[in-house]
>>> print(open('upload13.json').read())   # JSON, C-alpha atoms
[["chain", "number", "residue", "atom", "x", "y", "z"],
["A", 811, "SER", "CA", 20.49, -349.45, -7.26],
["A", 812, "ARG", "CA", 20.29, -353.04, -8.43],
["A", 813, "HIS", "CA", 20.12, -355.87, -5.92],
["A", 814, "TRP", "CA", 19.76, -359.61, -5.99],
["A", 815, "ALA", "CA", 16.32, -360.73, -4.81],
["A", 816, "MET", "CA", 14.05, -363.74, -4.72],
["A", 817, "PRO", "CA", 11.14, -363.78, -7.19],
["A", 818, "GLY", "CA", 8.10, -361.83, -6.10],
["A", 819, "GLY", "CA", 5.38, -359.46, -7.09],
["A", 820, "ARG", "CA", 1.83, -358.32, -6.60],
["A", 821, "LEU", "CA", -1.53, -360.01, -6.91],
["A", 822, "ASP", "CA", -3.45, -359.57, -10.14],
["A", 823, "PRO", "CA", -7.16, -358.73, -9.67],
["A", 824, "GLY", "CA", -9.14, -361.89, -8.94],
["A", 825, "GLU", "CA", -6.00, -363.95, -8.20],
["A", 826, "ASP", "CA", -5.36, -365.97, -5.04],
["A", 827, "ILE", "CA", -2.00, -365.73, -3.25],
["A", 828, "GLN", "CA", -0.69, -369.18, -4.25],
["A", 829, "THR", "CA", -1.56, -368.62, -7.91],
["A", 830, "CYS", "CA", 0.26, -365.29, -7.69],
["A", 831, "ALA", "CA", 3.40, -366.95, -6.31],
["A", 832, "VAL", "CA", 3.40, -369.59, -9.04],
["A", 833, "ARG", "CA", 2.82, -366.97, -11.76],
["A", 834, "GLU", "CA", 5.53, -364.61, -10.49],
["A", 835, "VAL", "CA", 8.18, -367.36, -10.40],
["A", 836, "LEU", "CA", 7.25, -368.39, -13.95],
["A", 837, "GLU", "CA", 7.30, -364.79, -15.21],
["A", 838, "GLU", "CA", 10.58, -363.89, -13.53],
["A", 839, "CYS", "CA", 12.51, -367.17, -13.72],
["A", 840, "GLY", "CA", 10.92, -369.44, -16.33],
["A", 841, "LEU", "CA", 10.28, -372.15, -13.73],
["A", 842, "HIS", "CA", 7.03, -373.95, -12.94],
["A", 843, "VAL", "CA", 6.64, -374.42, -9.19],
["A", 844, "ARG", "CA", 4.27, -375.88, -6.65],
["A", 845, "VAL", "CA", 3.77, -374.14, -3.31],
["A", 846, "LEU", "CA", 4.81, -376.39, -0.41],
["A", 847, "ARG", "CA", 4.36, -374.17, 2.63],
["A", 848, "VAL", "CA", 4.22, -370.64, 3.98],
["A", 849, "VAL", "CA", 7.64, -369.67, 5.36],
["A", 850, "GLY", "CA", 6.49, -366.42, 6.90],
["A", 851, "LEU", "CA", 4.43, -363.25, 6.89],
["A", 852, "TYR", "CA", 6.48, -360.04, 6.91],
["A", 853, "SER", "CA", 5.15, -356.59, 7.76],
["A", 854, "ASP", "CA", 7.81, -354.91, 9.94],
["A", 855, "PRO", "CA", 7.32, -351.18, 9.15],
["A", 856, "TYR", "CA", 11.07, -350.58, 9.36],
["A", 857, "GLN", "CA", 11.79, -353.09, 6.59],
["A", 858, "PHE", "CA", 8.96, -352.48, 4.20],
["A", 859, "MET", "CA", 8.14, -349.86, 1.64],
["A", 860, "ILE", "CA", 5.46, -347.30, 2.26],
["A", 861, "ALA", "CA", 3.63, -346.58, -1.00],
["A", 862, "ARG", "CA", 2.12, -343.18, -1.69],
["A", 863, "TYR", "CA", -0.70, -343.01, -4.22],
["A", 864, "PRO", "CA", -1.40, -340.04, -6.52],
["A", 865, "ASP", "CA", -4.35, -338.99, -4.32],
["A", 866, "GLY", "CA", -1.94, -338.66, -1.37],
["A", 867, "SER", "CA", -3.07, -341.75, 0.53],
["A", 868, "THR", "CA", -0.43, -344.17, 1.74],
["A", 869, "THR", "CA", -0.28, -347.87, 2.45],
["A", 870, "GLN", "CA", 2.28, -350.22, 3.92],
["A", 871, "MET", "CA", 3.26, -353.25, 1.86],
["A", 872, "PHE", "CA", 3.63, -356.73, 3.34],
["A", 873, "ASN", "CA", 5.07, -360.01, 2.10],
["A", 874, "VAL", "CA", 4.04, -363.65, 2.20],
["A", 875, "CYS", "CA", 7.05, -365.88, 1.60],
["A", 876, "PHE", "CA", 6.50, -369.41, 0.29],
["A", 877, "GLU", "CA", 8.73, -372.43, -0.06],
["A", 878, "CYS", "CA", 8.15, -373.91, -3.49],
["A", 879, "GLU", "CA", 9.21, -377.02, -5.35],
["A", 880, "ILE", "CA", 10.31, -376.80, -8.98],
["A", 881, "THR", "CA", 8.08, -378.98, -11.17],
["A", 882, "GLY", "CA", 9.28, -377.95, -14.63],
["A", 883, "GLY", "CA", 10.38, -375.17, -16.90],
["A", 884, "GLN", "CA", 13.87, -373.88, -17.50],
["A", 885, "LEU", "CA", 15.76, -371.19, -15.59],
["A", 886, "ALA", "CA", 15.71, -368.11, -17.83],
["A", 887, "ILE", "CA", 16.19, -364.35, -17.58],
["A", 888, "SER", "CA", 13.01, -362.36, -18.20],
["A", 889, "ASP", "CA", 12.21, -358.72, -18.88],
["A", 890, "GLU", "CA", 11.99, -358.39, -15.08],
["A", 891, "SER", "CA", 15.55, -359.61, -14.40],
["A", 892, "LEU", "CA", 19.10, -358.83, -15.46],
["A", 893, "ASP", "CA", 20.66, -362.04, -14.16],
["A", 894, "ILE", "CA", 19.43, -365.16, -12.44],
["A", 895, "GLY", "CA", 20.82, -368.18, -10.66],
["A", 896, "PHE", "CA", 20.88, -370.61, -7.77],
["A", 897, "PHE", "CA", 23.38, -369.94, -4.99],
["A", 898, "ASP", "CA", 24.82, -371.77, -2.02],
["A", 899, "VAL", "CA", 23.18, -370.36, 1.12],
["A", 900, "HIS", "CA", 26.66, -369.73, 2.55],
["A", 901, "ALA", "CA", 27.72, -367.75, -0.54],
["A", 902, "LEU", "CA", 24.74, -365.57, -1.44],
["A", 903, "PRO", "CA", 25.31, -362.93, -4.12],
["A", 904, "GLU", "CA", 25.83, -359.28, -3.24],
["A", 905, "PRO", "CA", 24.22, -356.90, -2.98],
["A", 906, "LEU", "CA", 21.26, -358.91, -1.71],
["A", 907, "LEU", "CA", 18.04, -357.06, -0.92],
["A", 908, "PHE", "CA", 18.22, -356.63, 2.87],
["A", 909, "THR", "CA", 14.60, -357.67, 3.45],
["A", 910, "HIS", "CA", 15.31, -361.05, 1.84],
["A", 911, "ARG", "CA", 18.02, -362.12, 4.31],
["A", 912, "PRO", "CA", 15.58, -362.86, 7.18],
["A", 913, "ARG", "CA", 13.24, -364.69, 4.79],
["A", 914, "ILE", "CA", 16.07, -366.95, 3.64],
["A", 915, "ALA", "CA", 17.11, -367.59, 7.26],
["A", 916, "ASP", "CA", 13.51, -368.38, 8.17],
["A", 917, "ALA", "CA", 13.17, -370.82, 5.25],
["A", 918, "LEU", "CA", 16.37, -372.57, 6.33],
["A", 919, "ALA", "CA", 15.02, -372.95, 9.89],
["A", 920, "ARG", "CA", 12.52, -375.49, 8.49],
["A", 921, "ARG", "CA", 9.95, -374.50, 11.11],
["A", 922, "ILE", "CA", 6.51, -375.99, 10.46],
["A", 923, "GLU", "CA", 4.50, -372.96, 11.57],
["A", 924, "PRO", "CA", 5.06, -369.73, 9.63],
["A", 925, "PHE", "CA", 7.15, -366.93, 11.08],
["A", 926, "VAL", "CA", 5.24, -363.69, 11.66],
["A", 927, "ARG", "CA", 7.56, -360.68, 11.57]]
>>> encode(input="upload13.json", output="structure tokens")
Amino acid sequence: SRHWAMPGGRLDPGEDIQTCAVREVLEECGLHVRVLRVVGLYSDPYQFMIARYPDGSTTQMFNVCFECEITGGQLAISDESLDIGFFDVHALPEPLLFTHRPRIADALARRIEPFVR
């Protein structure tokens, strides 16, 4: 099923995590951003996908959530999105990917040190 979600993705070979975040936002939203801080690191096995590879091995995914500042570009739908927008935090769109709710709450907490969940 289709859900609303924040931009995200996977590292390309040879890419650092901040470059990945900047690239993914540009690819998915058309916006240039600068990473400001790490909001949190998320690896709760009950909230994250377990990937199974063709050889039968499995791995657990994790997420690094960043707060970013928009520095340019224009909000635009990409081949990775059906719709896009900014929303009031008290009126988030539905259905929202359930793993993104705690990340949004953590970002709004404005804590200096990253959350580890």
>>> atom_distance(input="upload13.json", atom1="atom CA of A:Pro903", atom2="atom CA of A:Trp814")
6.7 Å
>>> closest_residue(input="upload13.json", among="A:Val849, A:Gly818, A:Thr881, A:Arg927", to="A:Glu837", atoms="all atoms listed in the file")
A:Gly818
>>> residues_around(input="upload13.json", residues="A:Leu907", least_positions_apart="5", cutoff="12 Å", atoms="only C-alpha atoms", output="ChimeraX atom specification")
/A:811-817,857-858,902,912-914
>>> closest_residue(input="upload13.json", among="A:Glu838, A:Arg844, A:Tyr856, A:Glu877", to="A:Ala919", atoms="only C-alpha atoms")
A:Glu877
>>> residues_around(input="upload13.json", residues="A:Cys830", least_positions_apart="3", cutoff="8 Å", atoms="all atoms listed in the file", output="PyMOL selection string")
chain A and resi 819-822+825-827+833-834
>>> write_last_selection(input="upload13.json", atoms="C-alpha atoms", output="PDB file, keeping the file's coordinate frame")
ATOM      1  CA  GLY A 819       5.380-359.460  -7.090  1.00  0.00           C
ATOM      2  CA  ARG A 820       1.830-358.320  -6.600  1.00  0.00           C
ATOM      3  CA  LEU A 821      -1.530-360.010  -6.910  1.00  0.00           C
ATOM      4  CA  ASP A 822      -3.450-359.570 -10.140  1.00  0.00           C
ATOM      5  CA  GLU A 825      -6.000-363.950  -8.200  1.00  0.00           C
ATOM      6  CA  ASP A 826      -5.360-365.970  -5.040  1.00  0.00           C
ATOM      7  CA  ILE A 827      -2.000-365.730  -3.250  1.00  0.00           C
ATOM      8  CA  ARG A 833       2.820-366.970 -11.760  1.00  0.00           C
ATOM      9  CA  GLU A 834       5.530-364.610 -10.490  1.00  0.00           C
TER      10      GLU A 834
END
>>> atom_distance(input="upload13.json", atom1="atom CA of A:Pro864", atom2="atom CA of A:Tyr852")
25.3 Å
>>> decode(input="upload13.json", residues="stretch 815-926 of chain A", atoms="C-alpha atoms", output="mmCIF file, in the first residue's frame")
data_model
loop_
_atom_site.group_PDB
_atom_site.id
_atom_site.type_symbol
_atom_site.label_atom_id
_atom_site.label_comp_id
_atom_site.auth_asym_id
_atom_site.auth_seq_id
_atom_site.Cartn_x
_atom_site.Cartn_y
_atom_site.Cartn_z
ATOM 1 C CA ALA A 815 7.026 9.211 4.051
ATOM 2 C CA MET A 816 10.000 11.495 4.468
ATOM 3 C CA PRO A 817 12.703 11.314 1.789
ATOM 4 C CA GLY A 818 15.185 8.508 2.223
ATOM 5 C CA GLY A 819 17.165 5.797 0.565
ATOM 6 C CA ARG A 820 20.326 3.755 0.512
ATOM 7 C CA LEU A 821 23.989 4.604 0.203
ATOM 8 C CA ASP A 822 25.585 4.351 -3.218
ATOM 9 C CA PRO A 823 28.969 2.562 -3.259
ATOM 10 C CA GLY A 824 31.727 4.940 -2.155
ATOM 11 C CA GLU A 825 29.258 7.513 -0.767
ATOM 12 C CA ASP A 826 29.298 8.955 2.755
ATOM 13 C CA ILE A 827 26.069 9.197 4.774
ATOM 14 C CA GLN A 828 25.648 12.988 4.534
ATOM 15 C CA THR A 829 26.175 12.970 0.769
ATOM 16 C CA CYS A 830 23.579 10.205 0.553
ATOM 17 C CA ALA A 831 21.028 12.271 2.503
ATOM 18 C CA VAL A 832 21.585 15.320 0.302
ATOM 19 C CA ARG A 833 21.350 13.226 -2.887
ATOM 20 C CA GLU A 834 18.192 11.392 -1.818
ATOM 21 C CA VAL A 835 16.341 14.628 -0.993
ATOM 22 C CA LEU A 836 17.342 16.091 -4.363
ATOM 23 C CA GLU A 837 16.313 12.936 -6.244
ATOM 24 C CA GLU A 838 12.989 12.542 -4.459
ATOM 25 C CA CYS A 839 11.957 16.164 -3.872
ATOM 26 C CA GLY A 840 13.962 18.450 -6.164
ATOM 27 C CA LEU A 841 15.396 20.349 -3.192
ATOM 28 C CA HIS A 842 19.026 21.117 -2.386
ATOM 29 C CA VAL A 843 19.694 20.723 1.325
ATOM 30 C CA ARG A 844 22.470 21.032 3.862
ATOM 31 C CA VAL A 845 22.653 18.595 6.771
ATOM 32 C CA LEU A 846 22.348 20.410 10.110
ATOM 33 C CA ARG A 847 22.349 17.588 12.648
ATOM 34 C CA VAL A 848 21.642 13.940 13.319
ATOM 35 C CA VAL A 849 18.152 13.575 14.811
ATOM 36 C CA GLY A 850 18.502 9.907 15.623
ATOM 37 C CA LEU A 851 19.670 6.395 14.849
ATOM 38 C CA TYR A 852 16.870 3.845 14.482
ATOM 39 C CA SER A 853 17.312 0.073 14.575
ATOM 40 C CA ASP A 854 14.411 -1.310 16.646
ATOM 41 C CA PRO A 855 13.894 -4.810 15.160
ATOM 42 C CA TYR A 856 10.124 -4.512 15.600
ATOM 43 C CA GLN A 857 9.952 -1.409 13.411
ATOM 44 C CA PHE A 858 12.423 -2.200 10.694
ATOM 45 C CA MET A 859 12.423 -4.377 7.645
ATOM 46 C CA ILE A 860 14.385 -7.581 7.540
ATOM 47 C CA ALA A 861 15.822 -8.069 4.049
ATOM 48 C CA ARG A 862 16.375 -11.529 2.617
ATOM 49 C CA TYR A 863 18.943 -11.869 -0.151
ATOM 50 C CA PRO A 864 18.760 -14.409 -3.006
ATOM 51 C CA ASP A 865 21.436 -16.559 -1.318
ATOM 52 C CA GLY A 866 19.157 -16.874 1.739
ATOM 53 C CA SER A 867 21.122 -14.587 4.053
ATOM 54 C CA THR A 868 19.248 -11.890 5.916
ATOM 55 C CA THR A 869 20.082 -8.473 7.289
ATOM 56 C CA GLN A 870 18.278 -5.911 9.396
ATOM 57 C CA MET A 871 18.014 -2.393 8.015
ATOM 58 C CA PHE A 872 18.620 0.712 10.124
ATOM 59 C CA ASN A 873 18.015 4.421 9.634
ATOM 60 C CA VAL A 874 19.941 7.604 10.297
ATOM 61 C CA CYS A 875 17.581 10.574 10.394
ATOM 62 C CA PHE A 876 18.965 14.052 9.693
ATOM 63 C CA GLU A 877 17.572 17.535 10.108
ATOM 64 C CA CYS A 878 18.351 19.477 6.957
ATOM 65 C CA GLU A 879 18.049 23.056 5.796
ATOM 66 C CA ILE A 880 16.761 23.830 2.300
ATOM 67 C CA THR A 881 19.379 25.798 0.348
ATOM 68 C CA GLY A 882 17.809 25.796 -3.116
ATOM 69 C CA GLY A 883 15.925 23.871 -5.737
ATOM 70 C CA GLN A 884 12.199 23.610 -6.230
ATOM 71 C CA LEU A 885 9.775 21.134 -4.671
ATOM 72 C CA ALA A 886 8.926 18.647 -7.430
ATOM 73 C CA ILE A 887 7.519 15.145 -7.818
ATOM 74 C CA SER A 888 10.045 12.600 -9.079
ATOM 75 C CA ASP A 889 9.855 9.083 -10.470
ATOM 76 C CA GLU A 890 10.156 7.967 -6.830
ATOM 77 C CA SER A 891 7.061 9.856 -5.613
ATOM 78 C CA LEU A 892 3.387 10.188 -6.460
ATOM 79 C CA ASP A 893 2.753 13.356 -4.473
ATOM 80 C CA ILE A 894 4.816 15.680 -2.337
ATOM 81 C CA GLY A 895 4.334 18.535 0.086
ATOM 82 C CA PHE A 896 5.032 20.285 3.360
ATOM 83 C CA PHE A 897 2.567 19.708 6.185
ATOM 84 C CA ASP A 898 1.774 21.205 9.562
ATOM 85 C CA VAL A 899 3.139 18.845 12.227
ATOM 86 C CA HIS A 900 -0.322 18.806 13.836
ATOM 87 C CA ALA A 901 -1.991 17.796 10.552
ATOM 88 C CA LEU A 902 0.287 15.187 9.003
ATOM 89 C CA PRO A 903 -1.061 13.346 5.958
ATOM 90 C CA GLU A 904 -2.454 9.835 6.207
ATOM 91 C CA PRO A 905 -1.504 7.127 5.888
ATOM 92 C CA LEU A 906 1.931 8.066 7.210
ATOM 93 C CA LEU A 907 4.600 5.371 7.358
ATOM 94 C CA PHE A 908 4.482 4.260 11.010
ATOM 95 C CA THR A 909 8.272 4.251 11.423
ATOM 96 C CA HIS A 910 8.384 7.953 10.520
ATOM 97 C CA ARG A 911 6.151 9.132 13.385
ATOM 98 C CA PRO A 912 8.820 8.675 16.102
ATOM 99 C CA ARG A 913 11.446 10.317 13.872
ATOM 100 C CA ILE A 914 9.235 13.379 13.419
ATOM 101 C CA ALA A 915 8.565 13.525 17.180
ATOM 102 C CA ASP A 916 12.285 13.216 17.879
ATOM 103 C CA ALA A 917 13.104 16.029 15.427
ATOM 104 C CA LEU A 918 10.513 18.257 17.099
ATOM 105 C CA ALA A 919 12.066 17.580 20.528
ATOM 106 C CA ARG A 920 15.079 19.669 19.381
ATOM 107 C CA ARG A 921 17.418 17.586 21.533
ATOM 108 C CA ILE A 922 21.088 18.295 20.839
ATOM 109 C CA GLU A 923 22.304 14.707 21.194
ATOM 110 C CA PRO A 924 20.845 12.155 18.763
ATOM 111 C CA PHE A 925 18.179 9.719 19.869
ATOM 112 C CA VAL A 926 19.214 6.060 19.677
#
